[in-house]
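Asks: Provided herewith is a single structure, encoded as structure tokens, for subsequent inquiry.
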Amino acid sequence: MYVYDQIDQRIIDDRVEQYRDQTRRYLAGEISDAEFLPLRLQNGLYVQRLAPMLRIAVPYGMLSTRQLRKLAQISRDYDKGYGHISTRQNMQLNWPLLEDVPDILAELASVEMHAVQTSGNCIRNTTTDQFAGVAPDELEDPRPWCEIIRQWSTFHPEFAFLPRKFKIAVCASETDRAAIHAHDIGLELVPNASGELGFKVLAGGGLGRTPVIGQVICEWLEKKHLLSYLESILRVYNQLGRRDNKYKARIKILVKAMGVDAFRERVEQEWQALKDGPTTLTDAEIERAKSYFTQPDYQTLPADADNTALQALLSENTVFARWYQRNTLPHRVDGYRIVNISLKATGYAPGDVSDTQMETVADLADAYSFGEVRTTHQQNLVLADVASDDLLAVWEKLSAMGLATPNIGHLTDIICCPGGDYCSLANAKSIPVAEAIQERFDNLDYLYDLGPIDLNISGCMNACGHHHIGHIGVLGVDKKGAEFYQVSLGGHQGKDASLGKILGPSFEQDAMPGVIEKLLETYVELRTDEEQFLDTYRRVGIDPFKERVYAQDH
Amino acid sequence: MPRIIKDGAVIEDSWKGRLLDLESYNNAVASGEAPAADIAVQLEPGEEPAAIEGDLHAIPMVAIHFPVFTDGRGFSYARELRQRGYSGEIRAVGGFIRDQLAYLARCGVNAYAFDGNVDLDAALASLGGFSDHYQADVLQSEPLFRRR
């Protein structure tokens with residue numbers, strides 16, 4: 001993974017001192033609340049319902065074990081001993097003290113980490129495929145590009161006071177695991193007619209109050225122009241994006257208002273001035289970025305199918321086999337597996353991870369996965385490079401720490417925002433809904449029979465739980481002061497991305513597990529042998545689901 | 001005389017000419033008064049630098065107004081003015097805050113007239129503070145990756 005040189009380190013250290021001085025001036029009454037707001041936000045600090053919340057950047061989801069152990073220690077020393085993985089692959093602490101934040105940032109800087117631009121109206125953490133570098137369907141490793149974008153967007157002088165937040169995601173594989181259609185800018189590495197890889201650029205996607213699928217504004221961009229082109233898009237957005245209404249301030253509204261062709265034209269016009277300028281990437285810089293993401297020292301191992309010891313183990317130990325099948329994935333190198341660590345055990349808030357769990361995962365990564373861990377936008381963790389012969393040992397240790405719930409990609413692997421329990425924006429609680437659903441559907445055979453289902457829950461319109469792109473989406477709404485839940489169906493985050501359609505009137509919290517049950521029964525009755533939930537929904541539409549859920553009881 | 005920050009120092013504001021809004025400036029151009037060495041123009045958010053592009057060689061000062069500090073359009077306006085070759089004074093005026101000075105400077109602003117009471121001598125510290133930057137900007141024409 002990327003390693004800071006002295007310059008990177010100094011810039012982050014400078015930032016800590018800058019924020020330490022700003023905090024001092026704020027506490028001394030020299031900076032008003034309103035003026036301090038964007039300063040603390042761009043250092044990751046929200047003031048929430050019960051306490052401040054600090055969102056720590058995990059650039060494109062990559063963590064070294066040294067960094068993960070530091071997060072464990074910080075969560076213990078400055079918080080209540082746990083962190084929460086967000087849908088931007090970041091880690092959130094729910095209980096830090098405002099006065100402590102400069103010290104926390106200094107601790108983070110000591111392991112090449114920070115909380116820069118994790119919130120506020122600026123360019124946020126760039127996200128990508130959590131299986132980057134190991135996925136069999138990958139065209140090229142997206143992480144060097146994410147790092148190049150990270151450096152370009154960090155303290156960009158022109159784009160720190162945008163109309164609204166701005167999110168970029170990169171996809172470099174056949175399956176989109178980064179939800180690029182739901183981002184302000186989505187980048188996809190694609191070949192041109194002569195086979196050279198470049199960027200397809202999408203703009204104007206986003207979730208929130210007005211969900212929109214991004215539109216293509218450039219079919220193929222030569223790699224070296226990436227930054228100058230991004231800069232052109234941001235410059236158009238910074239100048240023309242609406243600032244009179246925060247709900248209409250995202251770039252998606254601008255692209256819609258201008259029309260994609262006019263927007264593209266304006267970007268091209270800006271780009272003529274920037275193209276081939278100093279921001280044009282050099283071969284040396286691209287090679288430098290790539291040099292940090294080389295293959296680890298893999299052994300030559302038999303493929304799993306030819307590994308007789310593994311096959312024997314899988315047939316003897318059904319509990320292990322179930323985990324192997326659900327939580328591990330094929331790796332591009334024979335004899336290795338990608339291990340998903342589920343943070344979706346029933347009874348724990350989705351995405352929460354304790355200090356001791358972090359340390360266990362760090363130990364496992366050091367012993368079995370080249371010392372690296374990843375966070376995912378589905379709010380889980382990943383060990384990307386585990387030799388198949390080590391899987392049993394990894395599984396046993398994960399099981400002992402409650403980290404081996406074999407539900408990855410299934411109904412109870414719920415994406416869920418912190419909701420009304422923590423977040424001051426939320427209309428409704430989301431965690432209790434997730435837990436009630438997990439409790440109702442704890443029968444693994446039933447879960448597996450249902451096949452892959454994305455269930456996403458957001459506590460408000462800001463859509464941090466990505467409810468619009470869940471096969472089943474749940475949105476907390478406020479009805480005359482009471483918490484209700486609106487259900488949508490048919491959202492999807494892949495290259496054939498779609499936005500969920502609202503089922504009908506919203507439900508009380510207690511009714512939610514029953515509603516989900518009726519939706520699933522409808523699917524099971526209507527599906528053909530090969531169909532997953534989304535396929536059936538796309539074939540039959542929303543009406544059969546609606547009829548079942550809203551039918552009067554006899 | 002009001003004090004401002006200009007070119008990295010606190011000074012008495014020596015501007016003695018007129019500062020016109022864009023509409024008045026355009027009228028002055030129509031009447032043949034402008035551009036002139038004693039006529040500056042102030043851009044509001046929404047008034048892009050392209051509007052005065054043809055006169056940039058002759059305008060002594062462009063003021064960029066920040067009615068509120070959270071409206072960041074002026075950052076791009078400053079950048080666009082310098083990109084178009086403007087070499088006169090770019091003055092930030094209005095409700096921007098001291099903690100924005102370094103970004104403003106990197107975008108091409110070289111003078112700062114705050115609304116209200118600001119300790120200008122203390123604010124000078126916010127012009128710097130960072131040992132290096134990743135991007136190309138008005139003060140450093142090469143991005144860090146070309147200098148590593």
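Quick note on naming: the chains in the structure tokens go A, B, ... in the order shown, residues restart at 1 in each chain, and ligands are numbered from 1 in order of appearance.
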So which bits of range 72-148 of chain B end up helix (DSSP H, G or I) when you DSSP the backbone, as a ChimeraX atom specification?
Replies: /B:73-83,98-107,120-127,144-146
Asks: Write a file of the just-selected residues containing C-alpha atoms, as a PDB file, in the first residue's frame.
Replies:
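Listing of part_21.pdb after writing:
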ATOM      1  CA  ARG B  73     -17.108  30.723  -6.069  1.00  0.00           C
ATOM      2  CA  GLY B  74     -14.533  33.464  -5.607  1.00  0.00           C
ATOM      3  CA  PHE B  75     -11.759  30.901  -5.294  1.00  0.00           C
ATOM      4  CA  SER B  76     -12.399  29.793  -8.858  1.00  0.00           C
ATOM      5  CA  TYR B  77     -12.799  33.391 -10.045  1.00  0.00           C
ATOM      6  CA  ALA B  78      -9.360  34.302  -8.727  1.00  0.00           C
ATOM      7  CA  ARG B  79      -7.861  31.250 -10.342  1.00  0.00           C
ATOM      8  CA  GLU B  80      -9.555  32.008 -13.654  1.00  0.00           C
ATOM      9  CA  LEU B  81      -8.343  35.608 -13.606  1.00  0.00           C
ATOM     10  CA  ARG B  82      -4.728  34.515 -13.152  1.00  0.00           C
ATOM     11  CA  GLN B  83      -5.159  31.781 -15.734  1.00  0.00           C
ATOM     12  CA  ARG B  98      -8.698  34.332   8.248  1.00  0.00           C
ATOM     13  CA  ASP B  99      -8.549  30.533   8.004  1.00  0.00           C
ATOM     14  CA  GLN B 100      -9.163  30.802   4.259  1.00  0.00           C
ATOM     15  CA  LEU B 101      -6.157  33.026   3.542  1.00  0.00           C
ATOM     16  CA  ALA B 102      -3.750  30.302   2.444  1.00  0.00           C
ATOM     17  CA  TYR B 103      -6.240  28.841  -0.024  1.00  0.00           C
ATOM     18  CA  LEU B 104      -7.127  32.306  -1.337  1.00  0.00           C
ATOM     19  CA  ALA B 105      -3.455  33.148  -1.825  1.00  0.00           C
ATOM     20  CA  ARG B 106      -2.879  29.921  -3.709  1.00  0.00           C
ATOM     21  CA  CYS B 107      -5.815  30.795  -5.958  1.00  0.00           C
ATOM     22  CA  LEU B 120      -4.648  41.504  10.843  1.00  0.00           C
ATOM     23  CA  ASP B 121      -1.225  40.968  12.389  1.00  0.00           C
ATOM     24  CA  ALA B 122      -2.375  37.678  13.905  1.00  0.00           C
ATOM     25  CA  ALA B 123      -4.135  36.728  10.669  1.00  0.00           C
ATOM     26  CA  LEU B 124      -0.853  36.888   8.721  1.00  0.00           C
ATOM     27  CA  ALA B 125       0.031  33.515  10.268  1.00  0.00           C
ATOM     28  CA  SER B 126      -2.847  31.924   8.341  1.00  0.00           C
ATOM     29  CA  LEU B 127      -1.268  32.843   4.993  1.00  0.00           C
ATOM     30  CA  LEU B 144       4.279  18.208  -6.178  1.00  0.00           C
ATOM     31  CA  PHE B 145       4.516  15.139  -8.387  1.00  0.00           C
ATOM     32  CA  ARG B 146       6.674  17.070 -10.855  1.00  0.00           C
TER      33      ARG B 146
END
Asks: Within 10 Å of Tyr292 in chain A, counting only C-alpha atoms, which residues show up once you throw out same-chain ones fewer than 6 positions away? Write them as a PDB file with C-alpha atoms, in the first residue's frame, please.
Replies:
ATOM      1  CA  MET A   1       0.000   0.000   0.000  1.00  0.00           C
ATOM      2  CA  TYR A   2       0.991   3.638  -0.255  1.00  0.00           C
ATOM      3  CA  VAL A   3       3.739   4.786   2.118  1.00  0.00           C
ATOM      4  CA  ARG A 143      -5.676   1.936  -6.104  1.00  0.00           C
ATOM      5  CA  PRO A 144      -2.807   3.880  -7.713  1.00  0.00           C
ATOM      6  CA  GLU A 147      -3.985   7.586  -4.428  1.00  0.00           C
TER       7      GLU A 147
END
Asks: Can you build me a table of chain A residues sitting at most 7 Å from chain B, with the closest atom pair per residue and its distance in Å to one decimal, using only C-alpha atoms, sorted by chain and residue number, as JSON lines?
Replies:
{"residue": "A:Arg10", "atom": "CA", "partner": "B:Ser131", "partner_atom": "CA", "distance": 6.9}
{"residue": "A:Ile11", "atom": "CA", "partner": "B:Phe130", "partner_atom": "CA", "distance": 6.3}
{"residue": "A:Asp14", "atom": "CA", "partner": "B:Phe130", "partner_atom": "CA", "distance": 5.6}
{"residue": "A:Gln18", "atom": "CA", "partner": "B:Gly129", "partner_atom": "CA", "distance": 6.9}
{"residue": "A:Gln151", "atom": "CA", "partner": "B:Tyr134", "partner_atom": "CA", "distance": 6.0}
{"residue": "A:Trp152", "atom": "CA", "partner": "B:Gln135", "partner_atom": "CA", "distance": 5.8}
{"residue": "A:His156", "atom": "CA", "partner": "B:Gln135", "partner_atom": "CA", "distance": 6.6}
{"residue": "A:Pro157", "atom": "CA", "partner": "B:Tyr103", "partner_atom": "CA", "distance": 4.4}
{"residue": "A:Glu158", "atom": "CA", "partner": "B:Phe75", "partner_atom": "CA", "distance": 5.2}
{"residue": "A:Phe161", "atom": "CA", "partner": "B:Gly72", "partner_atom": "CA", "distance": 4.6}
{"residue": "A:Leu162", "atom": "CA", "partner": "B:Gly72", "partner_atom": "CA", "distance": 5.9}
{"residue": "A:Arg235", "atom": "CA", "partner": "B:Ser76", "partner_atom": "CA", "distance": 6.5}
{"residue": "A:Asn238", "atom": "CA", "partner": "B:Arg73", "partner_atom": "CA", "distance": 5.9}
{"residue": "A:Gln239", "atom": "CA", "partner": "B:Arg73", "partner_atom": "CA", "distance": 5.2}
{"residue": "A:Pro278", "atom": "CA", "partner": "B:Glu142", "partner_atom": "CA", "distance": 5.8}
{"residue": "A:Thr279", "atom": "CA", "partner": "B:Pro143", "partner_atom": "CA", "distance": 6.4}
{"residue": "A:Glu285", "atom": "CA", "partner": "B:Phe145", "partner_atom": "CA", "distance": 6.1}
Asks: Restricting it to N, CA and C atoms, dump the selection as a PDB file, in the first residue's frame.
Replies:
ATOM      1  N   ARG A  10       5.068  15.587   6.362  1.00  0.00           N
ATOM      2  CA  ARG A  10       5.115  16.967   6.832  1.00  0.00           C
ATOM      3  C   ARG A  10       3.786  17.685   6.597  1.00  0.00           C
ATOM      4  N   ILE A  11       3.187  17.414   5.436  1.00  0.00           N
ATOM      5  CA  ILE A  11       1.908  18.070   5.122  1.00  0.00           C
ATOM      6  C   ILE A  11       0.851  17.666   6.150  1.00  0.00           C
ATOM      7  N   ASP A  14       1.671  19.288   9.455  1.00  0.00           N
ATOM      8  CA  ASP A  14       1.298  20.710   9.394  1.00  0.00           C
ATOM      9  C   ASP A  14      -0.201  20.872   9.638  1.00  0.00           C
ATOM     10  N   GLN A  18      -2.160  23.081  12.386  1.00  0.00           N
ATOM     11  CA  GLN A  18      -3.135  24.088  11.979  1.00  0.00           C
ATOM     12  C   GLN A  18      -4.442  23.900  12.750  1.00  0.00           C
ATOM     13  N   GLN A 151      -4.172  12.601  -3.453  1.00  0.00           N
ATOM     14  CA  GLN A 151      -3.188  13.665  -3.307  1.00  0.00           C
ATOM     15  C   GLN A 151      -3.680  14.952  -3.982  1.00  0.00           C
ATOM     16  N   TRP A 152      -4.249  14.795  -5.164  1.00  0.00           N
ATOM     17  CA  TRP A 152      -4.751  15.978  -5.869  1.00  0.00           C
ATOM     18  C   TRP A 152      -5.867  16.676  -5.095  1.00  0.00           C
ATOM     19  N   HIS A 156      -6.917  20.907  -1.818  1.00  0.00           N
ATOM     20  CA  HIS A 156      -6.994  21.636  -3.081  1.00  0.00           C
ATOM     21  C   HIS A 156      -7.502  23.049  -2.772  1.00  0.00           C
ATOM     22  N   PRO A 157      -6.755  24.078  -3.151  1.00  0.00           N
ATOM     23  CA  PRO A 157      -7.107  25.421  -2.679  1.00  0.00           C
ATOM     24  C   PRO A 157      -8.431  25.940  -3.233  1.00  0.00           C
ATOM     25  N   GLU A 158      -8.815  25.433  -4.397  1.00  0.00           N
ATOM     26  CA  GLU A 158      -9.979  25.995  -5.077  1.00  0.00           C
ATOM     27  C   GLU A 158     -11.290  25.336  -4.639  1.00  0.00           C
ATOM     28  N   PHE A 161     -14.596  24.968  -0.492  1.00  0.00           N
ATOM     29  CA  PHE A 161     -15.892  25.571  -0.130  1.00  0.00           C
ATOM     30  C   PHE A 161     -16.848  25.419  -1.311  1.00  0.00           C
ATOM     31  N   LEU A 162     -17.080  24.164  -1.653  1.00  0.00           N
ATOM     32  CA  LEU A 162     -17.976  23.818  -2.755  1.00  0.00           C
ATOM     33  C   LEU A 162     -19.427  24.047  -2.323  1.00  0.00           C
ATOM     34  N   ARG A 235     -14.395  22.717 -11.310  1.00  0.00           N
ATOM     35  CA  ARG A 235     -14.443  24.166 -11.503  1.00  0.00           C
ATOM     36  C   ARG A 235     -15.808  24.604 -12.033  1.00  0.00           C
ATOM     37  N   ASN A 238     -18.129  24.220  -9.013  1.00  0.00           N
ATOM     38  CA  ASN A 238     -17.910  25.245  -7.984  1.00  0.00           C
ATOM     39  C   ASN A 238     -18.520  26.588  -8.386  1.00  0.00           C
ATOM     40  N   GLN A 239     -18.500  26.863  -9.701  1.00  0.00           N
ATOM     41  CA  GLN A 239     -19.014  28.161 -10.144  1.00  0.00           C
ATOM     42  C   GLN A 239     -20.513  28.154 -10.396  1.00  0.00           C
ATOM     43  N   PRO A 278       0.427  21.830 -16.365  1.00  0.00           N
ATOM     44  CA  PRO A 278       1.282  21.142 -15.390  1.00  0.00           C
ATOM     45  C   PRO A 278       0.588  20.020 -14.618  1.00  0.00           C
ATOM     46  N   THR A 279      -0.733  20.049 -14.554  1.00  0.00           N
ATOM     47  CA  THR A 279      -1.451  19.008 -13.817  1.00  0.00           C
ATOM     48  C   THR A 279      -1.551  17.702 -14.617  1.00  0.00           C
ATOM     49  N   GLU A 285       5.109   9.733 -12.483  1.00  0.00           N
ATOM     50  CA  GLU A 285       4.189   9.778 -11.350  1.00  0.00           C
ATOM     51  C   GLU A 285       3.255   8.572 -11.351  1.00  0.00           C
TER      52      GLU A 285
END
Asks: Which residues come within 6 Å of range 497-505 of chain A, counting only C-alpha atoms, excluding same-chain residues fewer than 6 positions away, as a ChimeraX atom specification?
Replies: /A:468-469,487-491
Asks: Write a file of the selected residues as a compact mmCIF listing (two decimals), in the first residue's frame, keeping N, CA and C atoms.
Replies:
# COMPACT_ATOMS: atom_id res chain seq x y z
N HIS A 468 -31.43 3.64 -1.41
CA HIS A 468 -31.92 3.69 -2.80
C HIS A 468 -31.37 2.56 -3.66
N ILE A 469 -30.19 2.06 -3.30
CA ILE A 469 -29.59 1.02 -4.16
C ILE A 469 -29.59 -0.35 -3.47
N VAL A 487 -40.45 1.63 2.63
CA VAL A 487 -39.73 0.52 2.00
C VAL A 487 -39.69 0.73 0.50
N SER A 488 -38.53 0.46 -0.11
CA SER A 488 -38.45 0.50 -1.57
C SER A 488 -37.86 -0.80 -2.07
N LEU A 489 -38.15 -1.12 -3.30
CA LEU A 489 -37.68 -2.38 -3.89
C LEU A 489 -36.98 -2.12 -5.22
N GLY A 490 -36.02 -2.98 -5.54
CA GLY A 490 -35.45 -2.99 -6.88
C GLY A 490 -34.24 -2.10 -7.08
N GLY A 491 -33.70 -1.54 -6.02
CA GLY A 491 -32.45 -0.80 -6.17
C GLY A 491 -31.31 -1.77 -6.42
Asks: With distances taken over only C-alpha atoms, which of B:Phe114, B:Glu12, B:Leu43, B:Asp55 is nearest to Ile90 in chain B?
Replies: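 Using only C-alpha atoms, Ile90 in chain B sits closest to B:Leu43.
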Asks: Got a sec to tell me which of chain B DSSP assigns to strand (DSSP E), as a ChimeraX atom specification?
Replies: /B:3-6,9-12,18-21,39-43,61-66,89-94,111-114
Asks: What's the 9 Å shell around His65 in chain B, counting only C-alpha atoms, without same-chain residues fewer than 2 positions away, as a list in words?
Replies: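 Listing them by chain and then by number gives Gln42, Leu43, Glu44, Pro45, Ala63, Pro67, Val68, Gly74, Arg91, Ala92, Val93, Gly94, Gly95 and Phe96 of chain B.
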Asks: May I have the selected residues written with C-alpha atoms, as a PDB file, in the first residue's frame?
Replies:
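See again20.pdb below for the written result:
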ATOM      1  CA  GLN B  42     -15.824  44.225  -8.107  1.00  0.00           C
ATOM      2  CA  LEU B  43     -17.168  40.779  -8.978  1.00  0.00           C
ATOM      3  CA  GLU B  44     -20.061  39.345  -7.001  1.00  0.00           C
ATOM      4  CA  PRO B  45     -20.756  35.605  -6.787  1.00  0.00           C
ATOM      5  CA  ALA B  63     -12.115  42.885  -6.084  1.00  0.00           C
ATOM      6  CA  PRO B  67     -20.884  38.000   0.983  1.00  0.00           C
ATOM      7  CA  VAL B  68     -20.504  34.884   3.154  1.00  0.00           C
ATOM      8  CA  GLY B  74     -14.533  33.464  -5.607  1.00  0.00           C
ATOM      9  CA  ARG B  91      -8.458  41.744  -3.593  1.00  0.00           C
ATOM     10  CA  ALA B  92     -10.775  39.575  -1.513  1.00  0.00           C
ATOM     11  CA  VAL B  93     -13.412  41.739   0.152  1.00  0.00           C
ATOM     12  CA  GLY B  94     -16.239  40.904   2.485  1.00  0.00           C
ATOM     13  CA  GLY B  95     -16.995  38.138   4.918  1.00  0.00           C
ATOM     14  CA  PHE B  96     -14.255  35.611   4.220  1.00  0.00           C
TER      15      PHE B  96
END
Asks: As a tab-separated table (two decimals) with C-alpha atoms, in the first residue's frame, please: the residues near Gly481 in chain A (cut-off 12 Å, only C-alpha atoms, same-chain neighbours under 3 positions excluded).
Replies:
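Dumped everything to result.tsv:
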chain	number	residue	atom	x	y	z
A	427	ASN	CA	-35.48	11.12	11.41
A	428	ALA	CA	-35.58	7.62	12.83
A	476	GLY	CA	-36.62	6.23	8.28
A	477	VAL	CA	-39.16	9.04	7.99
A	478	ASP	CA	-40.73	11.39	10.46
A	484	PHE	CA	-41.91	5.42	10.46
Asks: I want to know what sits within 9 Å of range 440-447 of chain A, based on only C-alpha atoms, with residues of the same chain fewer than 5 positions away left out; could you give that as a VMD selection string?
Replies: chain A and resid 346 406 to 407 410 to 412 435 452 513 to 514 517
Asks: Which value, in Å to one decimal, gives the distance between CA of Gly347 in chain A and CA of Ile431 in chain A?
Replies: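 Taking CA of Gly347 in chain A and CA of Ile431 in chain A, their separation equals 9.7 Å.
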Asks: Which polymer residues have any atom within 10 Å of an atom of range 167-178 of chain A, counting only C-alpha atoms, with same-chain residues fewer than 5 positions away left out, as a count of residues only?
Replies: 52
